[in-house]
Amino acid sequence: MPDQPSTPPAVNHPPRSHFNNWISACGGVLAVGALFSFALLVWMDYTQGDKNPYLGIFTYIVAPGFLIAGLGLVFFGAWAQRRWALRHAATKPDKWRLDFSDPRQRRSILLFGSGALCFVMLSAFGSYQTYHYSESVQFCGEVCHRAMNPEFVSYQHGAHAHVDCVDCHIGSGAQWFIKAKINGTHQLIAYTLNNYSRPIATPIKNLRPAQDICEKCHWPEKFQGSVDITFDHYLSDKANTPYSVRLLMHVNTTRPGSPPGGIHWHVNRNEKVEYFASDDKRQVIPWMRVTDVKAGTSRVYRTADFKGEPPADQIRTMDCMDCHNRPAHVFPTANDSVEKSLAGGTLNPALPNVKREAVKAMLQKDITTADDAPGKIASYLGTKYAGAPELPATIAEVQRIFATTIFPERKADWRVYPNNIGHKDWPGCFRCHDDKHKTAAGETVRSSDCNACHTILAQGKAAEFELLNAKGLKFAHPGGALDPDLTCSDCHNGGVQQ
């Protein structure tokens, strides 16, 4: 018989790894890209001079999240491949396996590898762009802090609108860097769970000291001289009578050889001012201490009803933020906003009582959302000025003022955010300068007289305002004589005058 062809001996291939599959390969690419991004972000995070805690969200939360997801996909692919192999061992156990001996798969693997390389490169580029985007005003105000839209809007209309958010809210140094990262994580959680405060509580407790932030631009040694300021007001009468006050604000009146003086005396280097506030908003100050740094002596002032000593951990050293407490997020009062529009000509003062009625239109109690405001403002003013040719422009301007200064859903406006600069609508300076704080010997804080911190050069309307007096005028209240037992904010509240 002819020889029969022999059967080739069986070759025992080593078992293929269950990780050899397309699902695990995709997870591996995702994990490698996330790991590369994480490493790059960490390097940028620790080599940049000014730290950015918002970058920490991407570095230590987002990037690790993708890394974990990629690793999870790797192990899920291995599990799925093993499960398939056990169920279909006799038919097709290698459903998702990568087979380099298959010409069709080699082409797919080549395309997959090219895509994976592009993905890793794009991850690097995206990480770099993420670093810079997380420092932008748009990110802080519209993406990360959408819940803080009132603060973002007020920032855009403020004196520091050209300064990036991170320049003031973040500073250099490991200690404050870590604090900012922790605070940013808390904010992220609160925003995600939608349980953040409405309104956002102030003052912010974890801000850096003003000397570390403000004085980078505002040079303390140059705090000198007086500033010429004019305040244009309109009375709440039928004629919307204009009433202006021009004054010299004494920022620093120090002369060679004389002791420090002026408003910025409160933060001079020779004396330290400390105080205790009995409320969270720091509006009620019953105790103060002034220490002569060189001599080591101190004077303690307290109100008559405050007994004992304040808790040591609640005594605060005065700095810029105790007066300039709304440097970039000022919520102007309804009165101030309407007066600004009257002065700028966007509201016509010829409309009878327009100042008062514009304020009333914005402060209607049944306006509970931003969507309610336009219609109800239009309806209110329409009943007051029906047929007036100025009505459409008046409605549009009052609606604009409301949209940029009052935020019902967040319960945010000037009524919940005191502005301590001045003393007209909030106690401000009169928190301490009220002649009620005395030492044990009966000495009072420097007088609350109008000319103590500023000199009135001119006041009144029309011809009265044109008369300048370099020596200073006594303040003439347009509504008549002042009650010595009242402060400005007892009557002026930013809305309809009491």
# chains A, B, ... in the order shown; residues from 1 in each chain; ligands from 1
call {"tool": "residues_around", "arguments": {"residues": "A:Gly261", "least_positions_apart": "6", "cutoff": "12 Å", "atoms": "only C-alpha atoms", "output": "MDAnalysis selection string"}}
result
chainID A and resid 223:226 250:255 267:268 270:271 446 452:454
call {"tool": "write_last_selection", "arguments": {"atoms": "N, CA and C atoms", "output": "mmCIF file, in the first residue's frame"}}
result
data_model
loop_
_atom_site.group_PDB
_atom_site.id
_atom_site.type_symbol
_atom_site.label_atom_id
_atom_site.label_comp_id
_atom_site.auth_asym_id
_atom_site.auth_seq_id
_atom_site.Cartn_x
_atom_site.Cartn_y
_atom_site.Cartn_z
ATOM 1 N N PHE A 223 0.687 105.575 49.673
ATOM 2 C CA PHE A 223 -0.635 105.985 50.145
ATOM 3 C C PHE A 223 -0.510 107.394 50.725
ATOM 4 N N GLN A 224 -0.711 108.410 49.919
ATOM 5 C CA GLN A 224 -0.531 109.753 50.434
ATOM 6 C C GLN A 224 -1.410 110.741 49.686
ATOM 7 N N GLY A 225 -1.609 111.895 50.333
ATOM 8 C CA GLY A 225 -2.375 112.954 49.705
ATOM 9 C C GLY A 225 -3.873 112.767 49.866
ATOM 10 N N SER A 226 -4.633 113.608 49.145
ATOM 11 C CA SER A 226 -6.086 113.588 49.191
ATOM 12 C C SER A 226 -6.627 113.383 47.786
ATOM 13 N N HIS A 250 -9.350 112.554 52.456
ATOM 14 C CA HIS A 250 -7.995 112.556 53.014
ATOM 15 C C HIS A 250 -7.490 111.124 53.169
ATOM 16 N N VAL A 251 -6.855 110.641 52.116
ATOM 17 C CA VAL A 251 -6.346 109.272 52.145
ATOM 18 C C VAL A 251 -5.181 109.166 53.115
ATOM 19 N N ASN A 252 -4.228 110.080 52.983
ATOM 20 C CA ASN A 252 -3.079 110.082 53.882
ATOM 21 C C ASN A 252 -2.594 111.518 54.023
ATOM 22 N N THR A 253 -2.655 112.054 55.234
ATOM 23 C CA THR A 253 -2.261 113.451 55.453
ATOM 24 C C THR A 253 -0.943 113.563 56.205
ATOM 25 N N THR A 254 -0.147 112.504 56.168
ATOM 26 C CA THR A 254 1.121 112.501 56.893
ATOM 27 C C THR A 254 2.075 113.544 56.316
ATOM 28 N N ARG A 255 2.680 114.292 57.191
ATOM 29 C CA ARG A 255 3.703 115.259 56.811
ATOM 30 C C ARG A 255 5.029 114.868 57.465
ATOM 31 N N VAL A 267 -4.099 101.476 58.784
ATOM 32 C CA VAL A 267 -3.206 100.367 58.435
ATOM 33 C C VAL A 267 -1.755 100.827 58.401
ATOM 34 N N ASN A 268 -1.431 101.909 59.145
ATOM 35 C CA ASN A 268 -0.050 102.364 59.142
ATOM 36 C C ASN A 268 0.814 101.395 59.955
ATOM 37 N N ASN A 270 3.056 101.904 62.207
ATOM 38 C CA ASN A 270 3.456 102.270 63.568
ATOM 39 C C ASN A 270 2.411 101.911 64.615
ATOM 40 N N GLU A 271 1.182 101.707 64.168
ATOM 41 C CA GLU A 271 0.115 101.365 65.110
ATOM 42 C C GLU A 271 -0.716 100.228 64.534
ATOM 43 N N ARG A 446 -11.728 109.016 67.598
ATOM 44 C CA ARG A 446 -11.721 110.299 66.910
ATOM 45 C C ARG A 446 -13.118 110.661 66.421
ATOM 46 N N ALA A 452 -13.681 115.246 59.449
ATOM 47 C CA ALA A 452 -12.559 114.528 60.039
ATOM 48 C C ALA A 452 -11.778 113.754 58.974
ATOM 49 N N CYS A 453 -12.488 113.158 58.020
ATOM 50 C CA CYS A 453 -11.831 112.353 56.985
ATOM 51 C C CYS A 453 -11.902 112.997 55.613
ATOM 52 N N HIS A 454 -12.741 114.011 55.455
ATOM 53 C CA HIS A 454 -12.834 114.681 54.163
ATOM 54 C C HIS A 454 -13.192 116.148 54.361
#
call {"tool": "atom_distance", "arguments": {"atom1": "atom CA of A:Cys488", "atom2": "atom CA of A:Ser244"}}
result
16.3 Å
call {"tool": "atom_distance", "arguments": {"atom1": "atom CA of A:Ala239", "atom2": "atom CA of A:Asn419"}}
result
29.0 Å
call {"tool": "residues_around", "arguments": {"residues": "stretch 340-348 of chain A", "least_positions_apart": "3", "cutoff": "7 Å", "atoms": "only C-alpha atoms", "output": "number ranges by chain"}}
result
A: 336-337, 351, 394, 397
call {"tool": "write_last_selection", "arguments": {"atoms": "N, CA and C atoms", "output": "short mmCIF file (atom, residue, chain, number, x, y, z; two decimals), in the first residue's frame"}}
result
data_model
loop_
_atom_site.label_atom_id
_atom_site.label_comp_id
_atom_site.auth_asym_id
_atom_site.auth_seq_id
_atom_site.Cartn_x
_atom_site.Cartn_y
_atom_site.Cartn_z
N ASP A 336 -28.39 104.30 44.06
CA ASP A 336 -27.16 104.70 43.38
C ASP A 336 -27.22 104.38 41.89
N SER A 337 -27.78 103.22 41.55
CA SER A 337 -27.86 102.82 40.14
C SER A 337 -28.76 103.77 39.35
N LEU A 351 -39.06 113.36 33.87
CA LEU A 351 -40.23 112.56 34.28
C LEU A 351 -40.47 112.77 35.77
N THR A 394 -37.35 104.45 29.34
CA THR A 394 -37.30 104.35 30.80
C THR A 394 -37.45 102.90 31.24
N GLU A 397 -34.23 100.91 30.47
CA GLU A 397 -33.11 101.22 31.35
C GLU A 397 -33.31 100.62 32.74
#
call {"tool": "residues_around", "arguments": {"residues": "A:Pro408", "least_positions_apart": "3", "cutoff": "8 Å", "atoms": "only C-alpha atoms", "output": "MDAnalysis selection string"}}
result
chainID A and resid 367:370 411:412
call {"tool": "write_last_selection", "arguments": {"atoms": "C-alpha atoms", "output": "short mmCIF file (atom, residue, chain, number, x, y, z; two decimals), in the first residue's frame"}}
result
data_model
loop_
_atom_site.label_atom_id
_atom_site.label_comp_id
_atom_site.auth_asym_id
_atom_site.auth_seq_id
_atom_site.Cartn_x
_atom_site.Cartn_y
_atom_site.Cartn_z
CA ILE A 367 -40.64 89.90 41.76
CA THR A 368 -39.20 86.56 42.86
CA THR A 369 -37.25 85.48 39.77
CA ALA A 370 -35.26 87.21 37.06
CA LYS A 411 -31.16 86.42 46.95
CA ALA A 412 -28.16 88.60 46.14
#
call {"tool": "closest_residue", "arguments": {"among": "A:Gly375, A:Pro389, A:Gly472, A:Gly308", "to": "A:Leu248", "atoms": "only C-alpha atoms"}}
result
A:Gly472
call {"tool": "closest_residue", "arguments": {"among": "A:Ala378, A:Ala190, A:Ile263, A:Ala334", "to": "A:Leu391", "atoms": "only C-alpha atoms"}}
result
A:Ala378
call {"tool": "atom_distance", "arguments": {"atom1": "atom CA of A:Pro150", "atom2": "atom CA of A:Gly422"}}
result
22.7 Å
call {"tool": "select_by_dssp", "arguments": {"residues": "stretch 245-349 of chain A", "states": "alpha helix (DSSP H)", "output": "ChimeraX atom specification"}}
result
/A:334-344
call {"tool": "write_last_selection", "arguments": {"atoms": "N, CA and C atoms", "output": "PDB file, in the first residue's frame"}}
result
ATOM      1  N   ALA A 334     -30.079 100.302  44.717  1.00  0.00           N
ATOM      2  CA  ALA A 334     -31.038 100.721  43.696  1.00  0.00           C
ATOM      3  C   ALA A 334     -30.985 102.232  43.508  1.00  0.00           C
ATOM      4  N   ASN A 335     -30.870 102.975  44.613  1.00  0.00           N
ATOM      5  CA  ASN A 335     -30.774 104.430  44.537  1.00  0.00           C
ATOM      6  C   ASN A 335     -29.554 104.874  43.731  1.00  0.00           C
ATOM      7  N   ASP A 336     -28.393 104.296  44.061  1.00  0.00           N
ATOM      8  CA  ASP A 336     -27.163 104.696  43.380  1.00  0.00           C
ATOM      9  C   ASP A 336     -27.224 104.376  41.892  1.00  0.00           C
ATOM     10  N   SER A 337     -27.784 103.218  41.550  1.00  0.00           N
ATOM     11  CA  SER A 337     -27.861 102.823  40.145  1.00  0.00           C
ATOM     12  C   SER A 337     -28.761 103.766  39.353  1.00  0.00           C
ATOM     13  N   VAL A 338     -29.903 104.132  39.938  1.00  0.00           N
ATOM     14  CA  VAL A 338     -30.827 105.036  39.261  1.00  0.00           C
ATOM     15  C   VAL A 338     -30.207 106.420  39.133  1.00  0.00           C
ATOM     16  N   GLU A 339     -29.531 106.886  40.181  1.00  0.00           N
ATOM     17  CA  GLU A 339     -28.879 108.192  40.122  1.00  0.00           C
ATOM     18  C   GLU A 339     -27.793 108.230  39.055  1.00  0.00           C
ATOM     19  N   LYS A 340     -27.064 107.131  38.891  1.00  0.00           N
ATOM     20  CA  LYS A 340     -26.031 107.070  37.862  1.00  0.00           C
ATOM     21  C   LYS A 340     -26.649 107.180  36.474  1.00  0.00           C
ATOM     22  N   SER A 341     -27.800 106.527  36.279  1.00  0.00           N
ATOM     23  CA  SER A 341     -28.481 106.614  34.981  1.00  0.00           C
ATOM     24  C   SER A 341     -29.046 108.012  34.741  1.00  0.00           C
ATOM     25  N   LEU A 342     -29.518 108.655  35.799  1.00  0.00           N
ATOM     26  CA  LEU A 342     -30.006 110.032  35.665  1.00  0.00           C
ATOM     27  C   LEU A 342     -28.855 110.962  35.281  1.00  0.00           C
ATOM     28  N   ALA A 343     -27.710 110.785  35.926  1.00  0.00           N
ATOM     29  CA  ALA A 343     -26.551 111.629  35.624  1.00  0.00           C
ATOM     30  C   ALA A 343     -26.027 111.367  34.219  1.00  0.00           C
ATOM     31  N   GLY A 344     -26.135 110.112  33.748  1.00  0.00           N
ATOM     32  CA  GLY A 344     -25.635 109.777  32.424  1.00  0.00           C
ATOM     33  C   GLY A 344     -26.614 110.045  31.303  1.00  0.00           C
TER      34      GLY A 344
END
call {"tool": "residues_around", "arguments": {"residues": "A:Thr241", "least_positions_apart": "6", "cutoff": "9 Å", "atoms": "only C-alpha atoms", "output": "list of chain:residue names"}}
result
A:His233, A:Tyr234, A:Leu235, A:Pro349, A:Lys461
call {"tool": "closest_residue", "arguments": {"among": "A:Phe475, A:Trp426, A:Phe465, A:Phe75", "to": "A:Gln283", "atoms": "only C-alpha atoms"}}
result
A:Trp426
call {"tool": "select_by_dssp", "arguments": {"residues": "stretch 137-370 of chain A", "states": "strand (DSSP E)", "output": "PyMOL selection string"}}
result
chain A and resi 225-234+242-252+271-276+287-292+298-302+315-317
call {"tool": "write_last_selection", "arguments": {"atoms": "C-alpha atoms", "output": "short mmCIF file (atom, residue, chain, number, x, y, z; two decimals), in the first residue's frame"}}
result
data_model
loop_
_atom_site.label_atom_id
_atom_site.label_comp_id
_atom_site.auth_asym_id
_atom_site.auth_seq_id
_atom_site.Cartn_x
_atom_site.Cartn_y
_atom_site.Cartn_z
CA GLY A 225 -2.38 112.95 49.71
CA SER A 226 -6.09 113.59 49.19
CA VAL A 227 -8.45 112.55 46.43
CA ASP A 228 -10.94 114.95 44.81
CA ILE A 229 -14.31 113.19 44.52
CA THR A 230 -17.72 114.42 43.39
CA PHE A 231 -20.95 112.63 44.32
CA ASP A 232 -23.94 113.43 42.14
CA HIS A 233 -27.26 112.74 43.82
CA TYR A 234 -30.91 113.35 42.99
CA PRO A 242 -29.98 117.32 41.57
CA TYR A 243 -27.75 117.73 44.62
CA SER A 244 -23.98 117.27 44.35
CA VAL A 245 -21.18 117.18 46.88
CA ARG A 246 -17.53 117.74 45.96
CA LEU A 247 -14.96 116.89 48.60
CA LEU A 248 -11.34 116.06 49.27
CA MET A 249 -11.01 112.55 50.68
CA HIS A 250 -7.99 112.56 53.01
CA VAL A 251 -6.35 109.27 52.14
CA ASN A 252 -3.08 110.08 53.88
CA GLU A 271 0.11 101.37 65.11
CA LYS A 272 -1.97 98.21 65.01
CA VAL A 273 -5.75 98.41 65.07
CA GLU A 274 -7.67 95.36 66.27
CA TYR A 275 -11.37 94.80 66.79
CA PHE A 276 -14.02 92.28 67.79
CA TRP A 287 -14.62 96.45 71.19
CA MET A 288 -11.42 97.88 69.67
CA ARG A 289 -7.76 98.07 70.62
CA VAL A 290 -5.10 100.42 69.23
CA THR A 291 -1.50 99.44 69.95
CA ASP A 292 1.52 101.70 69.54
CA SER A 298 -2.33 100.18 73.84
CA ARG A 299 -5.73 101.83 74.22
CA VAL A 300 -8.92 99.79 74.46
CA TYR A 301 -12.27 101.24 73.38
CA ARG A 302 -15.59 99.61 74.09
CA ILE A 315 -10.02 89.44 67.57
CA ARG A 316 -9.17 90.58 64.04
CA THR A 317 -6.31 92.85 63.00
#
call {"tool": "residues_around", "arguments": {"residues": "A:Gly77", "least_positions_apart": "6", "cutoff": "10 Å", "atoms": "only C-alpha atoms", "output": "PDB file with C-alpha atoms, in the first residue's frame"}}
result
ATOM      1  CA  HIS A  18      -7.706  37.537  28.510  1.00  0.00           C
ATOM      2  CA  PHE A  19      -6.371  41.094  28.483  1.00  0.00           C
ATOM      3  CA  ASN A  20      -5.608  40.655  24.785  1.00  0.00           C
ATOM      4  CA  ASN A  21      -8.831  42.152  23.467  1.00  0.00           C
ATOM      5  CA  TRP A  22     -10.140  45.366  21.904  1.00  0.00           C
ATOM      6  CA  ILE A  23     -12.029  46.519  25.000  1.00  0.00           C
ATOM      7  CA  SER A  24      -8.939  46.302  27.217  1.00  0.00           C
ATOM      8  CA  ALA A  25      -6.864  47.969  24.492  1.00  0.00           C
ATOM      9  CA  CYS A  26      -9.239  50.952  24.418  1.00  0.00           C
ATOM     10  CA  GLY A  27      -9.117  51.123  28.208  1.00  0.00           C
ATOM     11  CA  LEU A  71      -8.136  50.829  34.148  1.00  0.00           C
ATOM     12  CA  ARG A  83     -16.758  34.999  30.116  1.00  0.00           C
ATOM     13  CA  TRP A  96     -12.637  40.309  20.810  1.00  0.00           C
ATOM     14  CA  ARG A  97      -9.036  39.122  20.739  1.00  0.00           C
TER      15      ARG A  97
END
call {"tool": "closest_residue", "arguments": {"among": "A:Val153, A:Ala393, A:Cys320, A:Ala476", "to": "A:Arg208", "atoms": "only C-alpha atoms"}}
result
A:Cys320
